[in-house]
Amino acid sequence: MKLENIDKTRYRKHLNKVILACIVGLIVLSLSISTLVIYLVNDGESSHFWINFAGVVIASIIIGSILAKYKQHPFMYEIAYVWDLKQVLNQIHRKSKKINLAVNENDVTAIEIMYFYYKACIQLYTLDDNTITLSSLNIKAAELDRQIASLNLTISTDNFERKSLSAY
């Protein structure tokens with residue numbers, strides 16, 4: 001995965017519209033589905049909890065399917081990019097203990113992974129206005145930059161390949 005420049009304003013605007021559409025869709029679909037099922041099978045005495053729950057589950061599946069179908073649409077570009085970025089960062093985070101041990105041993109691949117991780121986290125936190133942890137992340141990124149400089153390496157986020165995670 002390559003880091004791309006994302007327009008924060010456009011990303012937030014599109015994300016807010018998609019979230020609103022999902023909320024409205026979930027409400028309308030779940031109420032419609034559960035009301036229809038209750039109308040068709042109502043015995044007048046039982047609880048409708050499980051029917052309502054099923055309506056929410058079915059509505060969630062429908063909305064998830066719609067989002068998956070339109071993930072490649074230009075309107076969804078920034079949202080899909082951030083979603084994919086979060087998945088990659090989660091994969092790296094799950095292996096971070098082993099990767100950090102390898103970074104301490106000056107493993108170049110591990111350094112490339114963590115360099116990408118820090119730069120991607122900074123981009124993600126900036127896009128999501130998560131500035132609380134940004135300062136500690138910048139400190140860790142600066143430490144890694146010093147290590148890269150001391151090893152006379154040239155590292156770029158373009159060096160990162162998802163398949164390199166399999167080594168850790």
# chains A, B, ... in the order shown; residues from 1 in each chain; ligands from 1
>>> residues_around(residues="stretch 112-123 of chain A", least_positions_apart="5", cutoff="6 Å", atoms="only C-alpha atoms", output="PyMOL selection string")
chain A and resi 141+157+160
>>> write_last_selection(atoms="N, CA and C atoms", output="JSON list (two decimals), in the first residue's frame")
[["chain", "number", "residue", "atom", "x", "y", "z"],
["A", 141, "ALA", "N", 8.56, 8.59, 15.82],
["A", 141, "ALA", "CA", 8.98, 8.72, 14.42],
["A", 141, "ALA", "C", 10.35, 9.40, 14.34],
["A", 157, "THR", "N", 8.30, 5.68, 2.41],
["A", 157, "THR", "CA", 7.06, 4.92, 2.63],
["A", 157, "THR", "C", 6.77, 4.04, 1.43],
["A", 160, "PHE", "N", 7.55, 0.15, 1.62],
["A", 160, "PHE", "CA", 6.70, -0.80, 2.35],
["A", 160, "PHE", "C", 5.90, -1.68, 1.40]]
>>> residues_around(residues="stretch 87-98 of chain A", least_positions_apart="3", cutoff="7 Å", atoms="only C-alpha atoms", output="PyMOL selection string")
chain A and resi 83-84+101-102+117+168
>>> residues_around(residues="stretch 58-62 of chain A", least_positions_apart="5", cutoff="10 Å", atoms="only C-alpha atoms", output="list of chain:residue names")
A:Cys22, A:Ile23, A:Gly25, A:Leu26, A:Ile27, A:Val28, A:Leu29, A:Ser30, A:Leu31, A:Ser32, A:Ile33, A:Ser34, A:Asn52, A:Phe53, A:Leu67, A:Ala68
>>> select_by_dssp(residues="stretch 77-166 of chain A", states="alpha helix (DSSP H)", output="VMD selection string")
chain A and resid 77 to 94 96 to 104 108 to 127 134 to 150
>>> closest_residue(among="A:Ser65, A:Asn138, A:Ser164, A:Asn106", to="A:Ser150", atoms="only C-alpha atoms")
A:Asn106
>>> atom_distance(atom1="atom CA of A:Asn5", atom2="atom CA of A:Glu78")
9.6 Å
>>> closest_atom_pairs(of="stretch 40-103 of chain A", to="stretch 11-14 of chain A", cutoff="12 Å", atoms="only C-alpha atoms", output="Markdown table")
| residue | atom | partner | partner_atom | distance |
| --- | --- | --- | --- | --- |
| A:His73 | CA | A:His14 | CA | 11.9 |
| A:Pro74 | CA | A:His14 | CA | 10.6 |
| A:Phe75 | CA | A:His14 | CA | 7.0 |
| A:Met76 | CA | A:His14 | CA | 7.3 |
| A:Tyr77 | CA | A:Tyr11 | CA | 8.6 |
| A:Glu78 | CA | A:Tyr11 | CA | 5.5 |
| A:Ile79 | CA | A:Tyr11 | CA | 6.5 |
| A:Ala80 | CA | A:Tyr11 | CA | 10.0 |
| A:Tyr81 | CA | A:Tyr11 | CA | 9.8 |
| A:Val82 | CA | A:Tyr11 | CA | 9.0 |
| A:Trp83 | CA | A:Tyr11 | CA | 11.6 |
>>> write_last_selection(atoms="N, CA and C atoms", output="PDB file, in the first residue's frame")
ATOM      1  N   HIS A  73     -16.447   3.348  -6.039  1.00  0.00           N
ATOM      2  CA  HIS A  73     -17.032   4.561  -6.612  1.00  0.00           C
ATOM      3  C   HIS A  73     -16.155   5.762  -6.246  1.00  0.00           C
ATOM      4  N   PRO A  74     -15.996   6.732  -7.165  1.00  0.00           N
ATOM      5  CA  PRO A  74     -15.142   7.895  -6.874  1.00  0.00           C
ATOM      6  C   PRO A  74     -15.530   8.657  -5.600  1.00  0.00           C
ATOM      7  N   PHE A  75     -16.810   8.703  -5.273  1.00  0.00           N
ATOM      8  CA  PHE A  75     -17.247   9.382  -4.058  1.00  0.00           C
ATOM      9  C   PHE A  75     -16.665   8.718  -2.810  1.00  0.00           C
ATOM     10  N   MET A  76     -16.462   7.416  -2.889  1.00  0.00           N
ATOM     11  CA  MET A  76     -15.983   6.636  -1.745  1.00  0.00           C
ATOM     12  C   MET A  76     -14.456   6.517  -1.708  1.00  0.00           C
ATOM     13  N   TYR A  77     -13.747   7.149  -2.634  1.00  0.00           N
ATOM     14  CA  TYR A  77     -12.301   6.947  -2.758  1.00  0.00           C
ATOM     15  C   TYR A  77     -11.560   7.201  -1.442  1.00  0.00           C
ATOM     16  N   GLU A  78     -11.753   8.374  -0.862  1.00  0.00           N
ATOM     17  CA  GLU A  78     -11.033   8.731   0.368  1.00  0.00           C
ATOM     18  C   GLU A  78     -11.433   7.814   1.522  1.00  0.00           C
ATOM     19  N   ILE A  79     -12.702   7.518   1.613  1.00  0.00           N
ATOM     20  CA  ILE A  79     -13.194   6.657   2.693  1.00  0.00           C
ATOM     21  C   ILE A  79     -12.611   5.254   2.563  1.00  0.00           C
ATOM     22  N   ALA A  80     -12.609   4.718   1.345  1.00  0.00           N
ATOM     23  CA  ALA A  80     -12.052   3.387   1.101  1.00  0.00           C
ATOM     24  C   ALA A  80     -10.548   3.366   1.365  1.00  0.00           C
ATOM     25  N   TYR A  81      -9.855   4.432   0.970  1.00  0.00           N
ATOM     26  CA  TYR A  81      -8.416   4.520   1.214  1.00  0.00           C
ATOM     27  C   TYR A  81      -8.125   4.474   2.716  1.00  0.00           C
ATOM     28  N   VAL A  82      -8.866   5.265   3.493  1.00  0.00           N
ATOM     29  CA  VAL A  82      -8.648   5.302   4.943  1.00  0.00           C
ATOM     30  C   VAL A  82      -9.011   3.953   5.560  1.00  0.00           C
ATOM     31  N   TRP A  83     -10.072   3.325   5.072  1.00  0.00           N
ATOM     32  CA  TRP A  83     -10.472   2.003   5.573  1.00  0.00           C
ATOM     33  C   TRP A  83      -9.339   0.998   5.335  1.00  0.00           C
TER      34      TRP A  83
END
>>> atom_distance(atom1="atom CA of A:Val56", atom2="atom CA of A:Thr35")
11.3 Å
>>> atom_distance(atom1="atom CA of A:Arg10", atom2="atom CA of A:Asp129")
13.9 Å
>>> closest_residue(among="A:Lys86, A:Arg146, A:His48, A:Lys71", to="A:Leu127", atoms="only C-alpha atoms")
A:Lys86
